[in-house]
>>> print(open('upload_0.cif').read())   # mmCIF, N, CA and C atoms
data_start
#
loop_
_atom_site.label_atom_id
_atom_site.label_comp_id
_atom_site.auth_asym_id
_atom_site.auth_seq_id
_atom_site.Cartn_x
_atom_site.Cartn_y
_atom_site.Cartn_z
N MET A 1 11.69 -174.82 66.73
CA MET A 1 10.71 -175.16 65.72
C MET A 1 9.31 -175.02 66.34
N THR A 2 8.45 -174.32 65.67
CA THR A 2 7.09 -174.16 66.18
C THR A 2 6.31 -175.46 65.97
N ARG A 3 5.18 -175.55 66.62
CA ARG A 3 4.33 -176.74 66.49
C ARG A 3 3.91 -176.95 65.03
N GLU A 4 3.57 -175.88 64.35
CA GLU A 4 3.15 -175.98 62.95
C GLU A 4 4.32 -176.40 62.06
N GLU A 5 5.50 -175.87 62.31
CA GLU A 5 6.69 -176.27 61.54
C GLU A 5 7.00 -177.74 61.77
N LEU A 6 6.88 -178.19 63.03
CA LEU A 6 7.11 -179.60 63.33
C LEU A 6 6.08 -180.47 62.61
N ARG A 7 4.85 -180.06 62.63
CA ARG A 7 3.79 -180.82 61.96
C ARG A 7 4.09 -180.96 60.46
N ARG A 8 4.48 -179.87 59.83
CA ARG A 8 4.80 -179.91 58.39
C ARG A 8 6.01 -180.79 58.12
N ALA A 9 7.04 -180.70 58.97
CA ALA A 9 8.24 -181.52 58.80
C ALA A 9 7.91 -183.00 58.97
N CYS A 10 7.05 -183.32 59.93
CA CYS A 10 6.63 -184.71 60.13
C CYS A 10 5.88 -185.24 58.91
N LEU A 11 5.00 -184.44 58.37
CA LEU A 11 4.25 -184.86 57.19
C LEU A 11 5.17 -185.07 56.00
N MET A 12 6.16 -184.21 55.84
CA MET A 12 7.13 -184.38 54.76
C MET A 12 7.89 -185.69 54.93
N ARG A 13 8.31 -185.97 56.15
CA ARG A 13 9.06 -187.21 56.42
C ARG A 13 8.18 -188.43 56.18
N LEU A 14 6.96 -188.39 56.63
CA LEU A 14 6.04 -189.51 56.40
C LEU A 14 5.78 -189.70 54.92
N ASP A 15 5.64 -188.62 54.17
CA ASP A 15 5.44 -188.71 52.73
C ASP A 15 6.65 -189.35 52.04
N GLU A 16 7.84 -189.15 52.60
CA GLU A 16 9.07 -189.70 52.02
C GLU A 16 9.19 -191.20 52.25
N CYS A 17 8.76 -191.69 53.41
CA CYS A 17 9.06 -193.09 53.75
C CYS A 17 7.83 -193.99 53.80
N ALA A 18 6.65 -193.46 53.58
CA ALA A 18 5.44 -194.27 53.62
C ALA A 18 4.52 -193.87 52.47
N MET A 19 3.58 -194.74 52.18
CA MET A 19 2.59 -194.47 51.13
C MET A 19 1.30 -193.99 51.78
N GLU A 20 0.57 -193.19 51.06
CA GLU A 20 -0.75 -192.80 51.55
C GLU A 20 -1.62 -194.05 51.65
N HIS A 21 -2.33 -194.17 52.74
CA HIS A 21 -3.21 -195.30 52.99
C HIS A 21 -4.32 -195.33 51.92
N PRO A 22 -4.79 -196.51 51.53
CA PRO A 22 -5.89 -196.57 50.56
C PRO A 22 -7.13 -195.77 50.98
N LEU A 23 -7.34 -195.61 52.29
CA LEU A 23 -8.47 -194.79 52.75
C LEU A 23 -8.24 -193.30 52.53
N GLY A 24 -7.00 -192.93 52.29
CA GLY A 24 -6.65 -191.54 52.08
C GLY A 24 -6.51 -190.76 53.37
N HIS A 25 -6.11 -189.52 53.23
CA HIS A 25 -5.98 -188.62 54.37
C HIS A 25 -7.36 -188.04 54.68
N GLN A 26 -7.50 -187.50 55.86
CA GLN A 26 -8.78 -186.95 56.28
C GLN A 26 -8.65 -185.44 56.43
N GLY A 27 -8.81 -184.73 55.34
CA GLY A 27 -8.78 -183.26 55.37
C GLY A 27 -7.62 -182.70 56.16
N ASN A 28 -7.93 -181.77 57.05
CA ASN A 28 -6.87 -181.14 57.84
C ASN A 28 -6.73 -181.78 59.21
N LYS A 29 -7.36 -182.94 59.43
CA LYS A 29 -7.32 -183.57 60.75
C LYS A 29 -6.24 -184.64 60.87
N VAL A 30 -6.23 -185.62 59.96
CA VAL A 30 -5.27 -186.72 60.06
C VAL A 30 -4.72 -187.09 58.69
N ALA A 31 -3.56 -187.72 58.74
CA ALA A 31 -2.94 -188.31 57.55
C ALA A 31 -2.76 -189.79 57.84
N ARG A 32 -3.25 -190.63 56.94
CA ARG A 32 -3.15 -192.08 57.11
C ARG A 32 -2.10 -192.61 56.14
N TYR A 33 -1.27 -193.53 56.65
CA TYR A 33 -0.18 -194.07 55.84
C TYR A 33 -0.07 -195.58 56.01
N VAL A 34 0.64 -196.19 55.06
CA VAL A 34 1.08 -197.57 55.15
C VAL A 34 2.58 -197.55 54.91
N MET A 35 3.30 -198.20 55.80
CA MET A 35 4.76 -198.26 55.69
C MET A 35 5.19 -199.72 55.65
N ARG A 36 6.07 -200.03 54.73
CA ARG A 36 6.59 -201.40 54.61
C ARG A 36 7.91 -201.52 55.35
N SER A 37 8.06 -202.64 56.06
CA SER A 37 9.33 -202.92 56.74
C SER A 37 10.29 -203.54 55.72
N LYS A 38 11.52 -203.75 56.15
CA LYS A 38 12.52 -204.37 55.27
C LYS A 38 12.14 -205.79 54.90
N THR A 39 11.33 -206.43 55.75
CA THR A 39 10.87 -207.79 55.47
C THR A 39 9.58 -207.81 54.66
N GLY A 40 9.04 -206.64 54.34
CA GLY A 40 7.85 -206.55 53.52
C GLY A 40 6.54 -206.43 54.28
N ASN A 41 6.59 -206.50 55.60
CA ASN A 41 5.37 -206.36 56.39
C ASN A 41 4.86 -204.92 56.34
N ALA A 42 3.56 -204.78 56.16
CA ALA A 42 2.95 -203.46 56.10
C ALA A 42 2.47 -203.04 57.49
N ALA A 43 2.70 -201.78 57.81
CA ALA A 43 2.22 -201.22 59.08
C ALA A 43 1.40 -199.98 58.77
N GLU A 44 0.19 -199.95 59.30
CA GLU A 44 -0.63 -198.75 59.17
C GLU A 44 -0.19 -197.73 60.21
N LEU A 45 -0.23 -196.46 59.83
CA LEU A 45 0.10 -195.35 60.72
C LEU A 45 -0.96 -194.29 60.56
N MET A 46 -1.24 -193.59 61.63
CA MET A 46 -2.12 -192.43 61.52
C MET A 46 -1.48 -191.27 62.27
N PHE A 47 -1.34 -190.15 61.58
CA PHE A 47 -0.72 -188.96 62.14
C PHE A 47 -1.78 -187.88 62.30
N GLU A 48 -1.92 -187.37 63.52
CA GLU A 48 -2.85 -186.27 63.77
C GLU A 48 -2.17 -184.97 63.39
N LYS A 49 -2.74 -184.29 62.41
CA LYS A 49 -2.10 -183.08 61.89
C LYS A 49 -2.92 -181.82 62.11
N GLY A 50 -4.05 -181.95 62.76
CA GLY A 50 -4.93 -180.80 62.97
C GLY A 50 -4.32 -179.77 63.90
N PRO A 51 -4.65 -178.50 63.70
CA PRO A 51 -4.07 -177.43 64.52
C PRO A 51 -4.50 -177.50 65.98
N GLY A 52 -5.59 -178.19 66.28
CA GLY A 52 -6.08 -178.25 67.66
C GLY A 52 -5.51 -179.38 68.47
N SER A 53 -4.69 -180.23 67.87
CA SER A 53 -4.12 -181.35 68.61
C SER A 53 -2.60 -181.36 68.44
N PRO A 54 -1.91 -181.96 69.40
CA PRO A 54 -0.46 -182.09 69.22
C PRO A 54 -0.17 -183.08 68.09
N PRO A 55 1.03 -183.06 67.54
CA PRO A 55 1.37 -184.02 66.49
C PRO A 55 1.51 -185.42 67.09
N ASN A 56 0.46 -186.20 66.97
CA ASN A 56 0.43 -187.56 67.52
C ASN A 56 0.54 -188.57 66.39
N LEU A 57 1.28 -189.66 66.65
CA LEU A 57 1.40 -190.75 65.70
C LEU A 57 0.89 -192.02 66.36
N TRP A 58 -0.11 -192.64 65.74
CA TRP A 58 -0.72 -193.88 66.23
C TRP A 58 -0.13 -195.05 65.47
N VAL A 59 0.33 -196.09 66.22
CA VAL A 59 0.93 -197.28 65.61
C VAL A 59 0.56 -198.51 66.42
N LEU A 60 0.71 -199.69 65.81
CA LEU A 60 0.49 -200.94 66.52
C LEU A 60 1.52 -201.09 67.64
N GLU A 61 1.08 -201.42 68.82
CA GLU A 61 1.98 -201.57 69.96
C GLU A 61 3.04 -202.63 69.69
N GLN A 62 2.65 -203.75 69.12
CA GLN A 62 3.61 -204.84 68.90
C GLN A 62 4.75 -204.45 67.98
N ARG A 63 4.54 -203.48 67.10
CA ARG A 63 5.59 -203.07 66.16
C ARG A 63 6.62 -202.14 66.79
N VAL A 64 6.31 -201.54 67.94
CA VAL A 64 7.22 -200.58 68.56
C VAL A 64 7.53 -200.93 70.02
N ALA A 65 7.28 -202.17 70.39
CA ALA A 65 7.44 -202.58 71.80
C ALA A 65 8.83 -202.28 72.35
N ASP A 66 9.88 -202.45 71.55
CA ASP A 66 11.24 -202.20 72.03
C ASP A 66 11.48 -200.72 72.33
N LEU A 67 10.76 -199.82 71.68
CA LEU A 67 10.91 -198.38 71.92
C LEU A 67 10.32 -197.96 73.26
N LEU A 68 9.37 -198.70 73.76
CA LEU A 68 8.64 -198.29 74.95
C LEU A 68 9.50 -198.36 76.21
N GLU A 69 10.58 -199.10 76.15
CA GLU A 69 11.50 -199.21 77.28
C GLU A 69 12.59 -198.15 77.24
N GLN A 70 12.71 -197.44 76.13
CA GLN A 70 13.76 -196.45 75.97
C GLN A 70 13.30 -195.09 76.48
N PRO A 71 14.20 -194.33 77.08
CA PRO A 71 13.81 -193.00 77.57
C PRO A 71 13.64 -192.00 76.43
N GLY A 72 12.89 -190.96 76.71
CA GLY A 72 12.82 -189.83 75.80
C GLY A 72 11.59 -189.72 74.93
N LEU A 73 10.82 -190.79 74.79
CA LEU A 73 9.62 -190.72 73.97
C LEU A 73 8.39 -190.60 74.86
N GLU A 74 7.51 -189.69 74.51
CA GLU A 74 6.27 -189.52 75.26
C GLU A 74 5.17 -190.27 74.51
N PHE A 75 4.48 -191.16 75.21
CA PHE A 75 3.45 -191.96 74.56
C PHE A 75 2.40 -192.37 75.58
N ARG A 76 1.30 -192.86 75.03
CA ARG A 76 0.29 -193.46 75.89
C ARG A 76 -0.20 -194.75 75.23
N HIS A 77 -0.51 -195.71 76.08
CA HIS A 77 -1.07 -196.97 75.62
C HIS A 77 -2.56 -196.78 75.33
N SER A 78 -3.03 -197.44 74.32
CA SER A 78 -4.45 -197.46 74.01
C SER A 78 -4.84 -198.91 73.74
N PRO A 79 -5.09 -199.67 74.83
CA PRO A 79 -5.40 -201.09 74.66
C PRO A 79 -6.76 -201.33 74.03
N ALA A 80 -6.84 -202.38 73.25
CA ALA A 80 -8.11 -202.73 72.60
C ALA A 80 -9.19 -203.04 73.63
N SER A 81 -8.79 -203.49 74.78
CA SER A 81 -9.76 -203.86 75.82
C SER A 81 -10.58 -202.68 76.32
N THR A 82 -10.12 -201.46 76.06
CA THR A 82 -10.86 -200.28 76.52
C THR A 82 -11.81 -199.72 75.46
N LEU A 83 -11.77 -200.29 74.27
CA LEU A 83 -12.68 -199.84 73.22
C LEU A 83 -14.11 -200.15 73.62
N PHE A 84 -15.00 -199.27 73.31
CA PHE A 84 -16.43 -199.41 73.58
C PHE A 84 -16.74 -199.54 75.07
N ALA A 85 -15.82 -199.09 75.93
CA ALA A 85 -16.05 -199.14 77.38
C ALA A 85 -17.01 -198.05 77.84
N SER A 86 -17.07 -196.95 77.11
CA SER A 86 -18.00 -195.88 77.48
C SER A 86 -19.22 -195.92 76.56
N ARG A 87 -20.24 -195.22 76.98
CA ARG A 87 -21.49 -195.20 76.21
C ARG A 87 -21.87 -193.78 75.84
N ALA A 88 -22.48 -193.65 74.69
CA ALA A 88 -23.01 -192.36 74.24
C ALA A 88 -24.25 -192.03 75.06
N SER A 89 -24.74 -190.82 74.92
CA SER A 89 -25.91 -190.40 75.70
C SER A 89 -27.14 -191.25 75.42
N ASN A 90 -27.20 -191.88 74.25
CA ASN A 90 -28.35 -192.74 73.93
C ASN A 90 -28.14 -194.18 74.39
N GLY A 91 -27.00 -194.45 75.05
CA GLY A 91 -26.73 -195.77 75.61
C GLY A 91 -25.95 -196.71 74.72
N THR A 92 -25.69 -196.32 73.48
CA THR A 92 -24.93 -197.20 72.59
C THR A 92 -23.44 -197.11 72.91
N PRO A 93 -22.72 -198.22 72.73
CA PRO A 93 -21.28 -198.19 72.99
C PRO A 93 -20.58 -197.17 72.09
N ARG A 94 -19.59 -196.49 72.66
CA ARG A 94 -18.85 -195.46 71.94
C ARG A 94 -17.43 -195.95 71.67
N TYR A 95 -16.98 -195.78 70.41
CA TYR A 95 -15.60 -196.11 70.04
C TYR A 95 -14.69 -195.18 70.82
N GLY A 96 -13.75 -195.71 71.55
CA GLY A 96 -12.97 -194.91 72.48
C GLY A 96 -11.66 -194.34 71.96
N ARG A 97 -11.56 -194.14 70.67
CA ARG A 97 -10.33 -193.57 70.08
C ARG A 97 -10.72 -192.53 69.04
N HIS A 98 -9.69 -191.95 68.45
CA HIS A 98 -9.90 -191.02 67.34
C HIS A 98 -10.72 -191.74 66.26
N SER A 99 -11.77 -191.13 65.80
CA SER A 99 -12.68 -191.79 64.85
C SER A 99 -12.01 -192.15 63.53
N ALA A 100 -10.94 -191.49 63.16
CA ALA A 100 -10.25 -191.80 61.91
C ALA A 100 -9.53 -193.14 61.96
N LEU A 101 -9.34 -193.70 63.15
CA LEU A 101 -8.73 -195.02 63.28
C LEU A 101 -9.73 -196.13 62.98
N LYS A 102 -10.98 -195.88 63.22
CA LYS A 102 -12.02 -196.91 63.15
C LYS A 102 -12.07 -197.66 61.81
N PRO A 103 -11.92 -197.00 60.66
CA PRO A 103 -11.98 -197.76 59.40
C PRO A 103 -10.65 -198.42 59.01
N MET A 104 -9.60 -198.23 59.78
CA MET A 104 -8.29 -198.80 59.44
C MET A 104 -8.22 -200.23 59.98
N LYS A 105 -8.10 -201.20 59.07
CA LYS A 105 -8.19 -202.62 59.43
C LYS A 105 -7.19 -203.03 60.52
N GLN A 106 -5.95 -202.61 60.38
CA GLN A 106 -4.90 -203.02 61.32
C GLN A 106 -5.02 -202.32 62.66
N LEU A 107 -5.42 -201.08 62.66
CA LEU A 107 -5.39 -200.26 63.88
C LEU A 107 -6.71 -200.21 64.64
N ALA A 108 -7.80 -200.41 63.97
CA ALA A 108 -9.13 -200.16 64.56
C ALA A 108 -9.36 -200.85 65.89
N HIS A 109 -9.00 -202.13 66.00
CA HIS A 109 -9.34 -202.91 67.20
C HIS A 109 -8.11 -203.56 67.84
N ALA A 110 -6.95 -203.02 67.60
CA ALA A 110 -5.71 -203.57 68.14
C ALA A 110 -5.20 -202.74 69.30
N ASP A 111 -4.22 -203.28 70.02
CA ASP A 111 -3.51 -202.52 71.04
C ASP A 111 -2.60 -201.52 70.33
N LEU A 112 -2.77 -200.24 70.66
CA LEU A 112 -2.02 -199.19 69.98
C LEU A 112 -1.18 -198.39 70.96
N ILE A 113 -0.21 -197.69 70.38
CA ILE A 113 0.57 -196.68 71.08
C ILE A 113 0.34 -195.37 70.33
N CYS A 114 0.10 -194.34 71.10
CA CYS A 114 -0.02 -193.00 70.54
C CYS A 114 1.18 -192.20 71.02
N PHE A 115 2.11 -191.92 70.11
CA PHE A 115 3.29 -191.14 70.42
C PHE A 115 2.98 -189.66 70.25
N ARG A 116 3.37 -188.87 71.22
CA ARG A 116 3.29 -187.40 71.07
C ARG A 116 4.66 -186.97 70.57
N ILE A 117 4.70 -186.54 69.32
CA ILE A 117 5.97 -186.18 68.67
C ILE A 117 6.36 -184.76 69.08
N LYS A 118 7.58 -184.64 69.65
CA LYS A 118 8.08 -183.33 70.05
C LYS A 118 9.23 -182.85 69.19
N THR A 119 9.89 -183.79 68.49
CA THR A 119 11.00 -183.43 67.59
C THR A 119 10.96 -184.36 66.38
N LEU A 120 11.56 -183.91 65.30
CA LEU A 120 11.66 -184.74 64.11
C LEU A 120 12.51 -185.98 64.39
N GLY A 121 13.50 -185.85 65.26
CA GLY A 121 14.33 -186.99 65.64
C GLY A 121 13.52 -188.09 66.30
N GLU A 122 12.52 -187.73 67.10
CA GLU A 122 11.66 -188.73 67.72
C GLU A 122 10.87 -189.49 66.66
N LEU A 123 10.34 -188.77 65.69
CA LEU A 123 9.62 -189.43 64.60
C LEU A 123 10.55 -190.39 63.87
N ASP A 124 11.78 -189.97 63.62
CA ASP A 124 12.75 -190.83 62.93
C ASP A 124 13.01 -192.12 63.71
N ARG A 125 13.12 -192.03 65.03
CA ARG A 125 13.32 -193.23 65.86
C ARG A 125 12.16 -194.21 65.69
N ILE A 126 10.96 -193.69 65.68
CA ILE A 126 9.77 -194.54 65.54
C ILE A 126 9.74 -195.16 64.14
N LEU A 127 10.01 -194.37 63.13
CA LEU A 127 9.99 -194.88 61.76
C LEU A 127 11.08 -195.92 61.54
N GLU A 128 12.23 -195.74 62.15
CA GLU A 128 13.30 -196.74 62.05
C GLU A 128 12.87 -198.06 62.67
N ALA A 129 12.19 -198.00 63.81
CA ALA A 129 11.70 -199.22 64.45
C ALA A 129 10.66 -199.92 63.57
N LEU A 130 9.82 -199.16 62.93
CA LEU A 130 8.80 -199.74 62.06
C LEU A 130 9.41 -200.33 60.79
N ALA A 131 10.54 -199.80 60.36
CA ALA A 131 11.19 -200.27 59.13
C ALA A 131 11.93 -201.59 59.33
N ARG A 132 12.19 -201.97 60.57
CA ARG A 132 12.94 -203.24 60.81
C ARG A 132 12.15 -204.45 60.44
#
>>> encode(input="upload_0.cif", output="structure tokens")
Amino acid sequence: MTREELRRACLMRLDECAMEHPLGHQGNKVARYVMRSKTGNAAELMFEKGPGSPPNLWVLEQRVADLLEQPGLEFRHSPASTLFASRASNGTPRYGRHSALKPMKQLAHADLICFRIKTLGELDRILEALAR
């Protein structure tokens, strides 16, 4: 499966199991979603769909903590403590994540995990964890 085919398959799967976020999707760069668990808790998700980036899925770390110990998933931590750690050229603090996360209430200032999706099966594992 090519990167573009994987990206399209991921978007189809996300469209099947989650609702479009009230903020909407951001053109050809990201898709924002809200997914409800079996207990009714809502989880915000952001999927990077742009051709210049790998298919990344951003989620709350606390919602996927059990997955982080399992082999096979590629991810990086994005702790809230590192937000605004760097400065722009004019000296103002710079938001240290993808700018499309900033307006999302749940994700903007929380500890996040950014999964690099390599297969549709990996996305399914993450979505199953979020659905619990």
>>> closest_residue(input="upload_0.cif", among="A:Arg63, A:Ser81, A:His25, A:Ala131", to="Lys38 in chain A", atoms="all atoms listed in the file")
A:Ala131
>>> resolve_selection(input="upload_0.cif", expression="the PyMOL selection byres (((chain A and resi 33 and name CA) around 6) and name CA)", output="count of residues only")
7
>>> atom_distance(input="upload_0.cif", atom1="atom C of Arg132 in chain A", atom2="atom N of Thr39 in chain A")
5.2 Å
>>> atom_distance(input="upload_0.cif", atom1="CA of Leu73 in chain A", atom2="CA of Pro54 in chain A")
14.1 Å
>>> atom_distance(input="upload_0.cif", atom1="CA of Lys29 in chain A", atom2="CA of Glu4 in chain A")
13.1 Å
>>> residues_around(input="upload_0.cif", residues="range 106-108 of chain A", least_positions_apart="5", cutoff="7 Å", atoms="all atoms listed in the file", output="ChimeraX atom specification")
/A:44,59-60,101
>>> closest_residue(input="upload_0.cif", among="A:Asp66, A:Glu61, A:Glu122, A:Asp111", to="Leu6 in chain A", atoms="only C-alpha atoms")
A:Glu122
>>> select_by_dssp(input="upload_0.cif", residues="chain A", states="helix (DSSP H, G or I)", output="mmCIF file with N, CA and C atoms, in the coordinates of the input")
data_model
loop_
_atom_site.group_PDB
_atom_site.id
_atom_site.type_symbol
_atom_site.label_atom_id
_atom_site.label_comp_id
_atom_site.auth_asym_id
_atom_site.auth_seq_id
_atom_site.Cartn_x
_atom_site.Cartn_y
_atom_site.Cartn_z
ATOM 1 N N ARG A 3 5.180 -175.550 66.620
ATOM 2 C CA ARG A 3 4.330 -176.740 66.490
ATOM 3 C C ARG A 3 3.910 -176.950 65.030
ATOM 4 N N GLU A 4 3.570 -175.880 64.350
ATOM 5 C CA GLU A 4 3.150 -175.980 62.950
ATOM 6 C C GLU A 4 4.320 -176.400 62.060
ATOM 7 N N GLU A 5 5.500 -175.870 62.310
ATOM 8 C CA GLU A 5 6.690 -176.270 61.540
ATOM 9 C C GLU A 5 7.000 -177.740 61.770
ATOM 10 N N LEU A 6 6.880 -178.190 63.030
ATOM 11 C CA LEU A 6 7.110 -179.600 63.330
ATOM 12 C C LEU A 6 6.080 -180.470 62.610
ATOM 13 N N ARG A 7 4.850 -180.060 62.630
ATOM 14 C CA ARG A 7 3.790 -180.820 61.960
ATOM 15 C C ARG A 7 4.090 -180.960 60.460
ATOM 16 N N ARG A 8 4.480 -179.870 59.830
ATOM 17 C CA ARG A 8 4.800 -179.910 58.390
ATOM 18 C C ARG A 8 6.010 -180.790 58.120
ATOM 19 N N ALA A 9 7.040 -180.700 58.970
ATOM 20 C CA ALA A 9 8.240 -181.520 58.800
ATOM 21 C C ALA A 9 7.910 -183.000 58.970
ATOM 22 N N CYS A 10 7.050 -183.320 59.930
ATOM 23 C CA CYS A 10 6.630 -184.710 60.130
ATOM 24 C C CYS A 10 5.880 -185.240 58.910
ATOM 25 N N LEU A 11 5.000 -184.440 58.370
ATOM 26 C CA LEU A 11 4.250 -184.860 57.190
ATOM 27 C C LEU A 11 5.170 -185.070 56.000
ATOM 28 N N MET A 12 6.160 -184.210 55.840
ATOM 29 C CA MET A 12 7.130 -184.380 54.760
ATOM 30 C C MET A 12 7.890 -185.690 54.930
ATOM 31 N N ARG A 13 8.310 -185.970 56.150
ATOM 32 C CA ARG A 13 9.060 -187.210 56.420
ATOM 33 C C ARG A 13 8.180 -188.430 56.180
ATOM 34 N N LEU A 14 6.960 -188.390 56.630
ATOM 35 C CA LEU A 14 6.040 -189.510 56.400
ATOM 36 C C LEU A 14 5.780 -189.700 54.920
ATOM 37 N N ASP A 15 5.640 -188.620 54.170
ATOM 38 C CA ASP A 15 5.440 -188.710 52.730
ATOM 39 C C ASP A 15 6.650 -189.350 52.040
ATOM 40 N N GLU A 16 7.840 -189.150 52.600
ATOM 41 C CA GLU A 16 9.070 -189.700 52.020
ATOM 42 C C GLU A 16 9.190 -191.200 52.250
ATOM 43 N N CYS A 17 8.760 -191.690 53.410
ATOM 44 C CA CYS A 17 9.060 -193.090 53.750
ATOM 45 C C CYS A 17 7.830 -193.990 53.800
ATOM 46 N N GLU A 61 1.080 -201.420 68.820
ATOM 47 C CA GLU A 61 1.980 -201.570 69.960
ATOM 48 C C GLU A 61 3.040 -202.630 69.690
ATOM 49 N N GLN A 62 2.650 -203.750 69.120
ATOM 50 C CA GLN A 62 3.610 -204.840 68.900
ATOM 51 C C GLN A 62 4.750 -204.450 67.980
ATOM 52 N N ARG A 63 4.540 -203.480 67.100
ATOM 53 C CA ARG A 63 5.590 -203.070 66.160
ATOM 54 C C ARG A 63 6.620 -202.140 66.790
ATOM 55 N N ALA A 65 7.280 -202.170 70.390
ATOM 56 C CA ALA A 65 7.440 -202.580 71.800
ATOM 57 C C ALA A 65 8.830 -202.280 72.350
ATOM 58 N N ASP A 66 9.880 -202.450 71.550
ATOM 59 C CA ASP A 66 11.240 -202.200 72.030
ATOM 60 C C ASP A 66 11.480 -200.720 72.330
ATOM 61 N N LEU A 67 10.760 -199.820 71.680
ATOM 62 C CA LEU A 67 10.910 -198.380 71.920
ATOM 63 C C LEU A 67 10.320 -197.960 73.260
ATOM 64 N N LEU A 68 9.370 -198.700 73.760
ATOM 65 C CA LEU A 68 8.640 -198.290 74.950
ATOM 66 C C LEU A 68 9.500 -198.360 76.210
ATOM 67 N N GLU A 69 10.580 -199.100 76.150
ATOM 68 C CA GLU A 69 11.500 -199.210 77.280
ATOM 69 C C GLU A 69 12.590 -198.150 77.240
ATOM 70 N N ALA A 80 -6.840 -202.380 73.250
ATOM 71 C CA ALA A 80 -8.110 -202.730 72.600
ATOM 72 C C ALA A 80 -9.190 -203.040 73.630
ATOM 73 N N SER A 81 -8.790 -203.490 74.780
ATOM 74 C CA SER A 81 -9.760 -203.860 75.820
ATOM 75 C C SER A 81 -10.580 -202.680 76.320
ATOM 76 N N THR A 82 -10.120 -201.460 76.060
ATOM 77 C CA THR A 82 -10.860 -200.280 76.520
ATOM 78 C C THR A 82 -11.810 -199.720 75.460
ATOM 79 N N SER A 99 -11.770 -191.130 65.800
ATOM 80 C CA SER A 99 -12.680 -191.790 64.850
ATOM 81 C C SER A 99 -12.010 -192.150 63.530
ATOM 82 N N ALA A 100 -10.940 -191.490 63.160
ATOM 83 C CA ALA A 100 -10.250 -191.800 61.910
ATOM 84 C C ALA A 100 -9.530 -193.140 61.960
ATOM 85 N N LEU A 101 -9.340 -193.700 63.150
ATOM 86 C CA LEU A 101 -8.730 -195.020 63.280
ATOM 87 C C LEU A 101 -9.730 -196.130 62.980
ATOM 88 N N LEU A 120 11.560 -183.910 65.300
ATOM 89 C CA LEU A 120 11.660 -184.740 64.110
ATOM 90 C C LEU A 120 12.510 -185.980 64.390
ATOM 91 N N GLY A 121 13.500 -185.850 65.260
ATOM 92 C CA GLY A 121 14.330 -186.990 65.640
ATOM 93 C C GLY A 121 13.520 -188.090 66.300
ATOM 94 N N GLU A 122 12.520 -187.730 67.100
ATOM 95 C CA GLU A 122 11.660 -188.730 67.720
ATOM 96 C C GLU A 122 10.870 -189.490 66.660
ATOM 97 N N LEU A 123 10.340 -188.770 65.690
ATOM 98 C CA LEU A 123 9.620 -189.430 64.600
ATOM 99 C C LEU A 123 10.550 -190.390 63.870
ATOM 100 N N ASP A 124 11.780 -189.970 63.620
ATOM 101 C CA ASP A 124 12.750 -190.830 62.930
ATOM 102 C C ASP A 124 13.010 -192.120 63.710
ATOM 103 N N ARG A 125 13.120 -192.030 65.030
ATOM 104 C CA ARG A 125 13.320 -193.230 65.860
ATOM 105 C C ARG A 125 12.160 -194.210 65.690
ATOM 106 N N ILE A 126 10.960 -193.690 65.680
ATOM 107 C CA ILE A 126 9.770 -194.540 65.540
ATOM 108 C C ILE A 126 9.740 -195.160 64.140
ATOM 109 N N LEU A 127 10.010 -194.370 63.130
ATOM 110 C CA LEU A 127 9.990 -194.880 61.760
ATOM 111 C C LEU A 127 11.080 -195.920 61.540
ATOM 112 N N GLU A 128 12.230 -195.740 62.150
ATOM 113 C CA GLU A 128 13.300 -196.740 62.050
ATOM 114 C C GLU A 128 12.870 -198.060 62.670
ATOM 115 N N ALA A 129 12.190 -198.000 63.810
ATOM 116 C CA ALA A 129 11.700 -199.220 64.450
ATOM 117 C C ALA A 129 10.660 -199.920 63.570
ATOM 118 N N LEU A 130 9.820 -199.160 62.930
ATOM 119 C CA LEU A 130 8.800 -199.740 62.060
ATOM 120 C C LEU A 130 9.410 -200.330 60.790
ATOM 121 N N ALA A 131 10.540 -199.800 60.360
ATOM 122 C CA ALA A 131 11.190 -200.270 59.130
ATOM 123 C C ALA A 131 11.930 -201.590 59.330
#
>>> resolve_selection(input="upload_0.cif", expression="the PyMOL selection byres (((chain A and resi 127 and name CA) around 12) and name CA)", output="JSON, numbers by chain")
{"A": [10, 13, 14, 15, 16, 17, 18, 33, 34, 35, 36, 37, 38, 43, 44, 45, 57, 58, 59, 63, 64, 67, 115, 117, 120, 121, 122, 123, 124, 125, 126, 128, 129, 130, 131, 132]}
>>> closest_residue(input="upload_0.cif", among="A:Lys102, A:Arg87, A:Arg7, A:Arg76", to="Cys114 in chain A", atoms="all atoms listed in the file")
A:Arg76
>>> closest_residue(input="upload_0.cif", among="A:Gly24, A:Lys105, A:Glu5, A:Ala65", to="Ala42 in chain A", atoms="only C-alpha atoms")
A:Lys105
>>> closest_residue(input="upload_0.cif", among="A:Leu11, A:Phe47, A:His98, A:Leu112", to="Pro79 in chain A", atoms="only C-alpha atoms")
A:Leu112
>>> axis_aligned_box(input="upload_0.cif", around="range 50-64 of chain A", padding_each_side="6 Å", output="lines of an AutoDock Vina configuration file")
center_x = 0.7
center_y = -191.1
center_z = 66.4
size_x = 25.6
size_y = 39.4
size_z = 19.3
>>> closest_residue(input="upload_0.cif", among="A:Gly96, A:Pro55, A:Pro103, A:Gly91", to="Lys118 in chain A", atoms="all atoms listed in the file")
A:Pro55
>>> residues_around(input="upload_0.cif", residues="Thr82 in chain A", least_positions_apart="6", cutoff="8 Å", atoms="only N, CA and C atoms", output="mmCIF file with N, CA and C atoms, in the coordinates of the input")
data_model
loop_
_atom_site.group_PDB
_atom_site.id
_atom_site.type_symbol
_atom_site.label_atom_id
_atom_site.label_comp_id
_atom_site.auth_asym_id
_atom_site.auth_seq_id
_atom_site.Cartn_x
_atom_site.Cartn_y
_atom_site.Cartn_z
ATOM 1 N N ARG A 94 -19.590 -196.490 72.660
ATOM 2 C CA ARG A 94 -18.850 -195.460 71.940
ATOM 3 C C ARG A 94 -17.430 -195.950 71.670
ATOM 4 N N TYR A 95 -16.980 -195.780 70.410
ATOM 5 C CA TYR A 95 -15.600 -196.110 70.040
ATOM 6 C C TYR A 95 -14.690 -195.180 70.820
ATOM 7 N N GLY A 96 -13.750 -195.710 71.550
ATOM 8 C CA GLY A 96 -12.970 -194.910 72.480
ATOM 9 C C GLY A 96 -11.660 -194.340 71.960
ATOM 10 N N ARG A 97 -11.560 -194.140 70.670
ATOM 11 C CA ARG A 97 -10.330 -193.570 70.080
ATOM 12 C C ARG A 97 -10.720 -192.530 69.040
#
